[in-house]
Every structure is written in structure tokens, then in C-alpha cells.
file input_24.txt (compact mmCIF, C-alpha atoms)
# COMPACT_ATOMS: atom_id res chain seq x y z
CA MET F 2 5.30 7.67 -6.03
CA LEU F 3 7.18 7.04 -2.78
CA ALA F 4 4.75 4.26 -1.83
CA ILE F 5 5.14 2.62 -5.26
CA TRP F 6 8.92 2.82 -5.16
CA LEU F 7 9.11 1.38 -1.63
CA SER F 8 6.73 -1.42 -2.59
CA LEU F 9 8.92 -2.31 -5.57
CA ALA F 10 12.25 -2.03 -3.75
CA LEU F 11 11.61 -3.50 -0.29
CA GLY F 12 10.80 -7.04 0.77
CA PRO F 13 12.50 -10.19 2.05
CA VAL F 14 15.04 -9.51 -0.73
CA SER F 15 15.72 -5.77 -0.82
CA LEU F 16 16.80 -4.25 -4.12
CA PRO F 17 19.20 -1.29 -4.35
CA MET F 18 17.55 1.97 -5.38
CA PHE F 19 19.49 2.30 -8.62
CA ASP F 20 18.90 -1.33 -9.62
CA THR F 21 15.18 -0.93 -8.97
CA LEU F 22 15.08 2.13 -11.22
CA ARG F 23 17.12 0.51 -14.01
CA ALA F 24 15.10 -2.72 -13.90
CA GLY F 25 11.89 -0.70 -13.99
CA LEU F 26 13.08 1.20 -17.04
CA ARG F 27 13.94 -2.08 -18.76
CA LEU F 28 10.46 -3.42 -18.02
CA LEU F 29 9.08 -0.31 -19.73
CA GLY F 30 11.09 -1.22 -22.83
CA LEU F 31 13.74 1.48 -22.52
CA PRO F 32 17.30 0.69 -23.69
CA VAL F 33 19.05 0.10 -20.37
CA SER F 34 22.01 -2.24 -19.95
CA GLU F 35 21.06 -5.53 -18.30
CA ASP F 36 24.44 -5.98 -16.59
CA GLY F 37 23.79 -7.26 -13.07
CA LEU F 38 20.03 -6.78 -13.38
CA GLN F 39 18.89 -10.34 -14.02
CA GLN F 40 17.77 -11.00 -10.44
CA ALA F 41 16.30 -7.53 -9.94
CA GLU F 42 14.40 -7.70 -13.22
CA MET F 43 12.99 -11.14 -12.39
CA ILE F 44 11.90 -10.11 -8.87
CA LEU F 45 10.46 -6.82 -10.10
CA GLY F 46 8.67 -8.13 -13.17
CA GLN F 47 7.28 -11.40 -11.83
CA ILE F 48 6.66 -10.67 -8.14
CA ARG F 49 6.83 -7.04 -7.03
CA LEU F 50 5.17 -5.23 -9.96
CA PRO F 51 1.98 -7.36 -10.11
CA ARG F 52 1.78 -7.23 -6.31
CA THR F 53 2.12 -3.44 -6.30
CA LEU F 54 -0.50 -3.01 -9.02
CA LEU F 55 -2.83 -5.40 -7.19
CA GLY F 56 -2.40 -3.45 -3.95
CA LEU F 57 -3.14 -0.15 -5.68
CA ALA F 58 -6.26 -1.55 -7.36
CA VAL F 59 -7.60 -3.26 -4.21
CA GLY F 60 -7.03 -0.20 -2.02
CA ALA F 61 -8.54 2.17 -4.57
CA VAL F 62 -11.69 0.15 -5.20
CA LEU F 63 -12.29 -0.52 -1.48
CA ALA F 64 -11.93 3.19 -0.70
CA LEU F 65 -14.28 4.18 -3.55
CA SER F 66 -16.81 1.61 -2.36
CA GLY F 67 -16.56 3.07 1.13
CA VAL F 68 -17.35 6.54 -0.23
CA ALA F 69 -20.36 5.10 -2.10
CA MET F 70 -21.76 3.38 1.00
CA GLN F 71 -21.18 6.37 3.26
CA GLY F 72 -23.00 8.51 0.72
CA LEU F 73 -25.86 6.02 0.40
CA PHE F 74 -26.40 5.67 4.15
CA ARG F 75 -25.44 9.31 4.79
CA ASN F 76 -23.21 8.08 7.60
CA PRO F 77 -19.42 8.59 7.69
CA LEU F 78 -19.04 5.38 9.73
CA ALA F 79 -20.62 3.17 7.05
CA ASP F 80 -18.52 0.38 5.57
CA PRO F 81 -18.72 -1.39 2.18
CA GLY F 82 -19.48 -4.65 3.97
CA LEU F 83 -22.83 -3.33 5.21
CA VAL F 84 -24.62 -4.63 2.11
CA GLY F 85 -23.28 -8.16 2.67
CA VAL F 86 -20.87 -8.32 -0.25
CA ALA F 87 -17.85 -9.33 1.86
CA ALA F 88 -19.84 -12.00 3.69
CA GLY F 89 -21.14 -13.38 0.40
CA ALA F 90 -17.65 -13.47 -1.06
CA ALA F 91 -16.37 -15.28 2.03
CA MET F 92 -19.14 -17.88 1.69
CA GLY F 93 -18.32 -18.37 -1.99
CA ALA F 94 -14.63 -18.80 -1.23
CA ALA F 95 -15.37 -21.26 1.58
CA VAL F 96 -17.49 -23.34 -0.80
CA ALA F 97 -14.67 -23.37 -3.36
CA ILE F 98 -11.88 -24.18 -0.88
CA VAL F 99 -13.64 -26.77 1.26
CA GLY F 100 -15.78 -28.19 -1.54
CA GLY F 101 -12.71 -28.56 -3.73
CA ALA F 102 -10.93 -30.48 -0.97
CA TRP F 103 -13.93 -32.79 -0.54
CA PHE F 104 -13.85 -33.65 -4.25
CA GLY F 105 -10.18 -34.44 -4.30
CA GLY F 106 -8.85 -30.93 -4.81
CA MET F 107 -9.25 -28.44 -7.61
CA PRO F 108 -7.09 -28.80 -10.73
CA ASP F 109 -4.02 -26.59 -10.35
CA ALA F 110 -4.73 -24.78 -13.62
CA PHE F 111 -8.23 -23.76 -12.52
CA ALA F 112 -7.90 -23.41 -8.73
CA PRO F 113 -7.15 -19.64 -8.57
CA TYR F 114 -9.84 -18.82 -11.12
CA LEU F 115 -12.49 -21.03 -9.50
CA LEU F 116 -11.82 -19.56 -6.06
CA SER F 117 -12.01 -15.99 -7.38
CA PHE F 118 -15.11 -16.78 -9.43
CA CYS F 119 -16.96 -18.32 -6.48
CA ALA F 120 -16.02 -15.40 -4.21
CA PHE F 121 -17.13 -12.85 -6.81
CA VAL F 122 -20.43 -14.60 -7.53
CA GLY F 123 -21.09 -15.09 -3.81
CA GLY F 124 -20.57 -11.39 -3.14
CA LEU F 125 -22.83 -10.31 -6.00
CA GLY F 126 -25.52 -12.84 -5.08
CA VAL F 127 -25.77 -11.81 -1.43
CA THR F 128 -25.75 -8.12 -2.33
CA ALA F 129 -28.56 -8.66 -4.85
CA LEU F 130 -30.56 -10.46 -2.16
CA VAL F 131 -29.97 -7.66 0.37
CA TYR F 132 -31.04 -5.07 -2.18
CA ARG F 133 -34.15 -7.07 -3.04
CA LEU F 134 -35.08 -7.35 0.65
CA GLY F 135 -34.72 -3.60 0.98
CA ARG F 136 -37.17 -2.92 -1.88
CA ARG F 137 -40.86 -2.38 -1.26
CA ASP F 138 -43.50 -0.74 -3.43
CA GLY F 139 -40.88 0.41 -5.89
CA GLN F 140 -38.84 2.19 -3.21
CA THR F 141 -35.55 1.22 -1.58
CA ASN F 142 -35.66 1.53 2.20
CA VAL F 143 -32.07 2.16 3.30
CA ALA F 144 -32.75 1.14 6.92
CA THR F 145 -34.29 -2.18 5.84
CA MET F 146 -31.38 -2.81 3.49
CA LEU F 147 -28.95 -2.11 6.31
CA LEU F 148 -30.69 -4.59 8.62
CA ALA F 149 -30.79 -7.19 5.84
CA GLY F 150 -27.07 -6.66 5.30
CA VAL F 151 -26.35 -7.19 8.99
CA ALA F 152 -28.42 -10.40 8.97
CA MET F 153 -26.70 -11.73 5.84
CA THR F 154 -23.29 -10.88 7.28
CA ALA F 155 -24.13 -12.91 10.39
CA LEU F 156 -25.40 -15.77 8.21
CA GLY F 157 -22.25 -15.63 6.11
CA GLY F 158 -20.09 -15.78 9.23
CA ALA F 159 -22.02 -18.82 10.43
CA ALA F 160 -21.60 -20.54 7.06
CA VAL F 161 -17.86 -19.88 7.00
CA GLY F 162 -17.63 -21.14 10.58
CA LEU F 163 -19.43 -24.34 9.59
CA PHE F 164 -17.10 -24.92 6.64
CA SER F 165 -14.10 -24.23 8.89
CA TYR F 166 -15.37 -26.83 11.37
CA LEU F 167 -15.81 -29.42 8.62
CA ALA F 168 -12.46 -28.74 6.91
CA ASP F 169 -9.29 -30.76 7.47
CA ASP F 170 -6.15 -29.08 8.82
CA ALA F 171 -4.60 -28.17 5.47
CA THR F 172 -7.86 -26.84 4.05
CA LEU F 173 -8.58 -24.93 7.26
CA ARG F 174 -5.20 -23.20 7.01
CA THR F 175 -5.94 -22.15 3.42
CA LEU F 176 -9.39 -20.88 4.34
CA THR F 177 -8.11 -18.98 7.38
CA PHE F 178 -5.30 -17.32 5.45
CA TRP F 179 -7.72 -16.28 2.69
CA ASN F 180 -10.15 -14.82 5.23
CA LEU F 181 -7.35 -12.69 6.68
CA GLY F 182 -6.47 -11.22 3.27
CA SER F 183 -3.15 -11.15 1.43
CA LEU F 184 -1.53 -9.85 -1.74
CA ASN F 185 0.80 -12.86 -1.73
CA GLY F 186 0.76 -14.81 -4.97
CA ALA F 187 -0.22 -11.77 -7.03
CA SER F 188 0.00 -12.38 -10.76
CA TYR F 189 -1.06 -10.63 -13.92
CA GLU F 190 -3.76 -13.30 -14.40
CA ARG F 191 -5.33 -12.37 -11.04
CA LEU F 192 -4.81 -8.69 -11.69
CA TRP F 193 -6.53 -7.97 -14.98
CA PRO F 194 -10.16 -8.79 -13.95
CA LEU F 195 -9.81 -6.51 -10.92
CA LEU F 196 -8.26 -3.75 -13.04
CA LEU F 197 -11.22 -3.88 -15.42
CA VAL F 198 -13.71 -3.59 -12.55
CA ALA F 199 -11.66 -0.94 -10.73
CA THR F 200 -11.40 1.14 -13.89
CA GLY F 201 -15.16 0.96 -14.42
CA VAL F 202 -15.92 1.94 -10.82
CA ALA F 203 -13.29 4.71 -10.87
CA VAL F 204 -14.78 6.17 -14.06
CA TRP F 205 -18.45 5.85 -13.09
CA LEU F 206 -18.62 6.96 -9.46
CA PRO F 207 -17.04 10.42 -9.98
CA ARG F 208 -19.71 11.08 -12.60
CA ARG F 209 -22.28 10.78 -9.80
CA ALA F 210 -20.44 13.12 -7.42
CA LYS F 211 -22.99 15.93 -7.75
CA ALA F 212 -25.86 13.51 -7.14
CA LEU F 213 -24.09 12.23 -4.02
CA ASN F 214 -23.67 15.82 -2.83
CA ALA F 215 -27.41 16.34 -3.28
CA LEU F 216 -28.17 13.11 -1.41
CA LEU F 217 -26.32 14.48 1.62
CA LEU F 218 -29.22 16.92 2.02
CA GLY F 219 -31.76 14.07 2.24
CA GLU F 220 -33.73 12.02 -0.25
CA SER F 221 -36.62 14.45 -0.67
CA GLU F 222 -34.27 17.41 -1.17
CA ALA F 223 -32.26 15.41 -3.72
CA ARG F 224 -35.46 14.64 -5.65
CA HIS F 225 -36.37 18.33 -5.67
CA LEU F 226 -32.94 19.03 -7.16
CA GLY F 227 -33.67 16.62 -10.02
CA VAL F 228 -31.80 13.53 -8.81
CA ASP F 229 -33.32 10.13 -9.61
CA VAL F 230 -32.73 8.81 -6.09
CA GLU F 231 -33.81 5.21 -6.76
CA ARG F 232 -31.51 4.96 -9.76
CA LEU F 233 -28.67 6.47 -7.74
CA LYS F 234 -29.18 3.89 -4.98
CA ARG F 235 -29.10 1.05 -7.51
CA GLU F 236 -25.91 2.39 -9.04
CA LEU F 237 -24.19 2.80 -5.68
CA VAL F 238 -25.11 -0.71 -4.54
CA PHE F 239 -24.11 -2.17 -7.92
CA CYS F 240 -20.73 -0.38 -7.97
CA THR F 241 -20.03 -1.44 -4.40
CA ALA F 242 -20.93 -5.06 -5.12
CA LEU F 243 -18.75 -5.14 -8.23
CA GLY F 244 -15.81 -3.37 -6.62
CA VAL F 245 -15.71 -5.15 -3.27
CA GLY F 246 -16.56 -8.50 -4.88
CA ALA F 247 -13.64 -8.19 -7.30
CA ALA F 248 -11.26 -6.95 -4.58
CA VAL F 249 -12.17 -9.77 -2.19
CA ALA F 250 -11.95 -12.31 -5.00
CA ALA F 251 -8.41 -11.14 -5.79
CA ALA F 252 -6.98 -10.57 -2.31
CA GLY F 253 -9.31 -12.05 0.32
CA LEU F 254 -11.03 -10.15 3.11
CA ILE F 255 -9.31 -6.85 3.90
CA GLY F 256 -11.16 -4.65 6.34
CA PHE F 257 -11.23 -0.99 7.35
CA ILE F 258 -9.79 0.51 4.13
CA GLY F 259 -13.30 1.41 3.01
CA LEU F 260 -14.01 3.01 6.39
CA VAL F 261 -10.77 4.78 7.29
CA VAL F 262 -9.77 6.30 3.95
CA PRO F 263 -13.02 8.13 3.00
CA HIS F 264 -13.44 9.49 6.51
CA LEU F 265 -9.84 10.68 6.69
CA VAL F 266 -10.21 12.37 3.30
CA ARG F 267 -13.38 14.12 4.48
CA LEU F 268 -11.59 15.38 7.59
CA LEU F 269 -8.84 16.88 5.42
CA ALA F 270 -10.72 18.00 2.30
CA GLY F 271 -14.35 18.47 3.31
CA PRO F 272 -17.51 16.63 2.23
CA ASP F 273 -17.61 17.55 -1.49
CA HIS F 274 -17.70 14.24 -3.37
CA ARG F 275 -16.04 15.87 -6.39
CA VAL F 276 -12.93 15.96 -4.19
CA VAL F 277 -13.59 13.01 -1.88
CA LEU F 278 -13.90 10.40 -4.66
CA PRO F 279 -10.59 11.01 -6.51
CA ALA F 280 -8.72 11.70 -3.28
CA SER F 281 -10.02 8.46 -1.73
CA LEU F 282 -9.00 6.52 -4.83
CA LEU F 283 -5.39 7.72 -4.46
CA ALA F 284 -5.27 7.48 -0.66
CA GLY F 285 -6.76 3.98 -0.65
CA GLY F 286 -4.08 2.67 -2.99
CA VAL F 287 -1.30 4.35 -1.02
CA LEU F 288 -2.54 3.08 2.36
CA MET F 289 -2.84 -0.45 0.96
CA LEU F 290 0.77 -0.35 -0.29
CA PHE F 291 2.07 0.80 3.10
CA ALA F 292 -0.01 -1.87 4.87
CA ASP F 293 1.40 -4.49 2.49
CA LEU F 294 4.93 -3.26 3.20
CA ALA F 295 4.32 -3.69 6.92
CA ALA F 296 2.89 -7.17 6.32
CA ARG F 297 6.01 -8.15 4.37
CA LEU F 298 8.66 -6.60 6.59
CA LEU F 299 7.49 -6.91 10.21
CA LEU F 300 8.14 -10.67 10.45
CA ALA F 301 10.39 -11.13 7.39
CA PRO F 302 11.01 -13.59 5.82
CA ALA F 303 7.55 -14.70 7.05
CA GLU F 304 4.57 -12.62 5.98
CA LEU F 305 1.63 -11.32 7.98
CA PRO F 306 -1.83 -11.42 6.42
CA ILE F 307 -2.55 -7.87 5.31
CA GLY F 308 -6.00 -7.96 6.91
CA ILE F 309 -4.32 -8.09 10.33
CA VAL F 310 -2.30 -4.96 9.54
CA THR F 311 -5.29 -2.99 8.25
CA ALA F 312 -7.32 -4.05 11.31
CA PHE F 313 -4.58 -2.79 13.65
CA ILE F 314 -4.66 0.52 11.75
CA GLY F 315 -8.41 0.78 11.27
CA ALA F 316 -9.82 -0.39 14.60
CA PRO F 317 -8.12 2.30 16.76
CA PHE F 318 -9.09 4.91 14.17
CA PHE F 319 -12.69 3.73 14.30
CA LEU F 320 -12.67 4.01 18.11
CA PHE F 321 -11.19 7.50 17.78
CA LEU F 322 -14.05 8.49 15.49
CA LEU F 323 -16.60 7.15 17.98
CA MET F 324 -15.02 9.04 20.87
CA ARG F 325 -14.73 12.17 18.75
CA GLY F 326 -18.41 11.91 17.86
CA ARG F 327 -19.37 11.59 21.53
CA GLY F 328 -17.27 14.62 22.37
call {"tool": "encode", "arguments": {"input": "input_24.txt", "output": "C-alpha cells"}}
result
Amino acid sequence: MLAIWLSLALGPVSLPMFDTLRAGLRLLGLPVSEDGLQQAEMILGQIRLPRTLLGLAVGAVLALSGVAMQGLFRNPLADPGLVGVAAGAAMGAAVAIVGGAWFGGMPDAFAPYLLSFCAFVGGLGVTALVYRLGRRDGQTNVATMLLAGVAMTALGGAAVGLFSYLADDATLRTLTFWNLGSLNGASYERLWPLLLVATGVAVWLPRRAKALNALLLGESEARHLGVDVERLKRELVFCTALGVGAAVAAAGLIGFIGLVVPHLVRLLAGPDHRVVLPASLLAGGVLMLFADLAARLLLAPAELPIGIVTAFIGAPFFLFLLMRGRG
């Protein structure tokens, strides 16, 4: 609740605590006097509330996807991007941004939707290809899928680099800012598709918590316990592709949430996925809101891309995990 309140109250234009509360109550339809609340209600309803909800949804779905990938690869240092979904989404977005500029620009009414659609389809397409490359004789080889994901991520980076080289200055700025991730420009139109996907992922993955616990013992042991391992792998890859694809389509590339949050939750609460999944959902949303606050306030009134903030948080933590593992 503290993270939500701070996200609603703080920004380039800070709102008094009491005005934030009263404006929030009015937005909920409660009979509160509107005296002196016009500006607060406008800022809260049109800018801060959709941005806060978007941050919660993006952080939650990235963290859940991180849990799914760490369970699939049985490695606490695994990241949702390992299956290529982020690279595919970046390629799709680059095609939309640079291709739209080549053809005279995208119509204003369709530009946000076309960009999100291309990013989402690109992420799903690359993930489907990685999964297909990892299949052989009816079995999914996790190591092969991991290598295919690394290769597709490198290919995606090369494609985005090529589009960046071919873009003009204005288009390059747009592409660069999108690749660094941001919740700026959040709207209810951008929010509802992500909320649908996030709700589906948040409902489905906890139902597979016991199967994920069994998978920690190894694939053969999980089969002996009655788990359909191949089906579980498909579901984990599919949920990750949907979740990360929708998050990247809505907010751009935001790294390390899917790595840091699940691992931190495991350090505090243990490896039981019945606890890790819901705790990661909450912690991912909270961490994203605090990262967004830092992005808004550190250089106010200018705004840092949120991907820079999460990288400054996540990279040292990742190095700490590596050193801790060596010790």
C-alpha cells in the first residue's frame, strides 16, 4: 500500500497526502467534496492511476515469468529472456517503429496499438521457434532450448542494431527510448490487454506450483510422482511468452525484475513454489513501482528510462549472487 500511495502522490507535480486520498475516493465514486481537487483528480485519474496499475501489472508478470523460467531450467539465475521472448519483442517493435517511419509514419490513432501488436507477435513468434528447436522425438531438451534462446537473442540484437543504423535521428531516439523501457504515456487503452494476460498468468501458474516443486527434484523423479513433464514445459514456456510479450509490448524492455525478485523471495521464504509464486507477484509489482518512482524523481522534471534504474538495481544483485555461489 505504501508503494501504491507514493506512486500516486509523488512526481514532477507532488500532491498533498490528504488531496491524494480525497481524489482517490472520488475516483472510486464515493461522495467527497470536489473543492480544490480539480487538478489532483485530473493528475490522479488520467496520469498517475493508469501508470501505477501498469507498473504493478508489468512487475508482477515479469516476476511470475522469472519464477516459471527458473523452475523450468532448475536454475535460480535463469531469466525470462532466455527463451528469446524479449529479443523477439524488440525485433517486432523495431520493425513497427522504423518501418512506420519509412512509410511516412503510422497514423496517430493506430501507432500505439500497432507497436504493441508487433512487439507482442514478435515475442510469441521467436519463443515458438525456440521451443520448436528444442523439441526432438516428442521430447523437449531444455539445454537445446536454452542454446536456441541465446542464439535468437543474439540475432534479435543484431536485427535491432541494423534497424537502429538505418533509422533517422528522430526514429532512432524513439527506438532507443523504447528499448530502455518506460511507463511514461501509460493509459487505460494500453493497460487492459496487459491486465487480461497478467490475470491469466497469475491464475494459472499457482495452479502448477506442486508440479514445479516436483520438477525441482529432476524430470525423471517428477514423472514418477505423476507429473506430465512435457505438458508442464509447454505451459511454462507459453505463460512466459504471453506474460513477457505483453509486458514488453506495454512498457518496452525492462530487465532484471524477472531475475532479482524470484531469487530474493526464495532467499527469504524458501523454495516452495506455493509461496514463491504469490510472493513474487506482489514483490515484483512493488519493486517496479519503486523503480518507477526513482525514474521519475531522480532527474525531475526529466524522466529516466525505467530499464536503466532496474539495471542499476539488478546488475549488482546478480554479481552478488555469483560471488555468493562461488563462496
call {"tool": "axis_aligned_box", "arguments": {"input": "input_24.txt", "around": "stretch 112-125 of chain F", "padding_each_side": "6 Å", "output": "JSON"}}
result
{"center_x": -15.0, "center_y": -16.9, "center_z": -7.1, "size_x": 27.7, "size_y": 25.1, "size_z": 20.0}
call {"tool": "residues_around", "arguments": {"input": "input_24.txt", "residues": "stretch 223-234 of chain F", "least_positions_apart": "2", "cutoff": "9 Å", "atoms": "all atoms listed in the file", "output": "ChimeraX atom specification"}}
result
/F:73,139-141,143,209,212-221,236-239
call {"tool": "closest_residue", "arguments": {"input": "input_24.txt", "among": "F:Leu83, F:Ser188, F:Met146, F:Ala280", "to": "F:Gly46", "atoms": "all atoms listed in the file"}}
result
F:Ser188
call {"tool": "closest_residue", "arguments": {"input": "input_24.txt", "among": "F:Val131, F:Ala160, F:Ala144, F:Leu320", "to": "F:Gly93", "atoms": "only C-alpha atoms"}}
result
F:Ala160
call {"tool": "atom_distance", "arguments": {"input": "input_24.txt", "atom1": "atom CA of F:Pro263", "atom2": "atom CA of F:Ile309"}}
result
19.8 Å
call {"tool": "closest_residue", "arguments": {"input": "input_24.txt", "among": "F:Leu148, F:Ala168, F:Val161, F:Leu265", "to": "F:Phe74", "atoms": "all atoms listed in the file"}}
result
F:Leu148
call {"tool": "atom_distance", "arguments": {"input": "input_24.txt", "atom1": "atom CA of F:Gly246", "atom2": "atom CA of F:Ser66"}}
result
10.4 Å
call {"tool": "closest_residue", "arguments": {"input": "input_24.txt", "among": "F:Ala41, F:Ala87, F:Val245, F:Ala171", "to": "F:Leu16", "atoms": "all atoms listed in the file"}}
result
F:Ala41
call {"tool": "closest_residue", "arguments": {"input": "input_24.txt", "among": "F:Ala24, F:Arg235, F:Ser15, F:Asn76", "to": "F:Arg136", "atoms": "all atoms listed in the file"}}
result
F:Arg235
call {"tool": "closest_residue", "arguments": {"input": "input_24.txt", "among": "F:Leu173, F:Leu290, F:Leu163, F:Tyr189", "to": "F:Gln47", "atoms": "all atoms listed in the file"}}
result
F:Tyr189
call {"tool": "residues_near_point", "arguments": {"input": "input_24.txt", "point": "(1.0, -3.6, 7.4)", "cutoff": "10 Å", "atoms": "all atoms listed in the file", "output": "list in words"}}
result
Leu288, Met289, Leu290, Phe291, Ala292, Asp293, Leu294, Ala295, Ala296, Arg297, Leu298, Leu299, Glu304, Leu305, Pro306, Ile307, Gly308, Ile309, Val310, Thr311, Ala312, Phe313 and Ile314 of chain F
call {"tool": "atom_distance", "arguments": {"input": "input_24.txt", "atom1": "atom CA of F:Ala90", "atom2": "atom CA of F:Phe121"}}
result
5.8 Å
call {"tool": "residues_around", "arguments": {"input": "input_24.txt", "residues": "F:Phe319", "least_positions_apart": "2", "cutoff": "12 Å", "atoms": "all atoms listed in the file", "output": "ChimeraX atom specification"}}
result
/F:77-80,256-262,264-265,311-317,321-326
call {"tool": "build_atoms", "arguments": {"input": "input_24.txt", "residues": "stretch 282-297 of chain F", "atoms": "N, CA and C atoms", "output": "PDB file, in the frame of the given file"}}
result
ATOM      1  N   LEU F 282      -9.601   7.492  -3.911  1.00  0.00           N
ATOM      2  CA  LEU F 282      -9.000   6.520  -4.830  1.00  0.00           C
ATOM      3  C   LEU F 282      -7.482   6.485  -4.636  1.00  0.00           C
ATOM      4  N   LEU F 283      -6.846   7.654  -4.621  1.00  0.00           N
ATOM      5  CA  LEU F 283      -5.390   7.720  -4.460  1.00  0.00           C
ATOM      6  C   LEU F 283      -4.969   7.286  -3.057  1.00  0.00           C
ATOM      7  N   ALA F 284      -5.655   7.793  -2.039  1.00  0.00           N
ATOM      8  CA  ALA F 284      -5.270   7.480  -0.660  1.00  0.00           C
ATOM      9  C   ALA F 284      -5.478   6.010  -0.341  1.00  0.00           C
ATOM     10  N   GLY F 285      -6.530   5.397  -0.892  1.00  0.00           N
ATOM     11  CA  GLY F 285      -6.760   3.980  -0.650  1.00  0.00           C
ATOM     12  C   GLY F 285      -5.642   3.119  -1.203  1.00  0.00           C
ATOM     13  N   GLY F 286      -5.192   3.421  -2.422  1.00  0.00           N
ATOM     14  CA  GLY F 286      -4.080   2.670  -2.990  1.00  0.00           C
ATOM     15  C   GLY F 286      -2.804   2.845  -2.204  1.00  0.00           C
ATOM     16  N   VAL F 287      -2.519   4.077  -1.776  1.00  0.00           N
ATOM     17  CA  VAL F 287      -1.300   4.350  -1.020  1.00  0.00           C
ATOM     18  C   VAL F 287      -1.326   3.643   0.338  1.00  0.00           C
ATOM     19  N   LEU F 288      -2.446   3.734   1.052  1.00  0.00           N
ATOM     20  CA  LEU F 288      -2.540   3.080   2.360  1.00  0.00           C
ATOM     21  C   LEU F 288      -2.393   1.567   2.218  1.00  0.00           C
ATOM     22  N   MET F 289      -2.962   0.997   1.161  1.00  0.00           N
ATOM     23  CA  MET F 289      -2.840  -0.450   0.960  1.00  0.00           C
ATOM     24  C   MET F 289      -1.382  -0.842   0.719  1.00  0.00           C
ATOM     25  N   LEU F 290      -0.642  -0.036  -0.039  1.00  0.00           N
ATOM     26  CA  LEU F 290       0.770  -0.350  -0.290  1.00  0.00           C
ATOM     27  C   LEU F 290       1.578  -0.288   1.005  1.00  0.00           C
ATOM     28  N   PHE F 291       1.335   0.710   1.834  1.00  0.00           N
ATOM     29  CA  PHE F 291       2.070   0.800   3.100  1.00  0.00           C
ATOM     30  C   PHE F 291       1.678  -0.345   4.049  1.00  0.00           C
ATOM     31  N   ALA F 292       0.407  -0.726   4.050  1.00  0.00           N
ATOM     32  CA  ALA F 292      -0.010  -1.870   4.870  1.00  0.00           C
ATOM     33  C   ALA F 292       0.641  -3.151   4.370  1.00  0.00           C
ATOM     34  N   ASP F 293       0.758  -3.301   3.053  1.00  0.00           N
ATOM     35  CA  ASP F 293       1.400  -4.490   2.490  1.00  0.00           C
ATOM     36  C   ASP F 293       2.890  -4.498   2.825  1.00  0.00           C
ATOM     37  N   LEU F 294       3.520  -3.337   2.801  1.00  0.00           N
ATOM     38  CA  LEU F 294       4.930  -3.260   3.200  1.00  0.00           C
ATOM     39  C   LEU F 294       5.109  -3.723   4.635  1.00  0.00           C
ATOM     40  N   ALA F 295       4.250  -3.257   5.523  1.00  0.00           N
ATOM     41  CA  ALA F 295       4.320  -3.690   6.920  1.00  0.00           C
ATOM     42  C   ALA F 295       4.109  -5.188   7.037  1.00  0.00           C
ATOM     43  N   ALA F 296       3.164  -5.729   6.275  1.00  0.00           N
ATOM     44  CA  ALA F 296       2.890  -7.170   6.320  1.00  0.00           C
ATOM     45  C   ALA F 296       4.099  -7.968   5.862  1.00  0.00           C
ATOM     46  N   ARG F 297       4.844  -7.443   4.896  1.00  0.00           N
ATOM     47  CA  ARG F 297       6.010  -8.150   4.370  1.00  0.00           C
ATOM     48  C   ARG F 297       7.229  -8.041   5.267  1.00  0.00           C
TER      49      ARG F 297
END
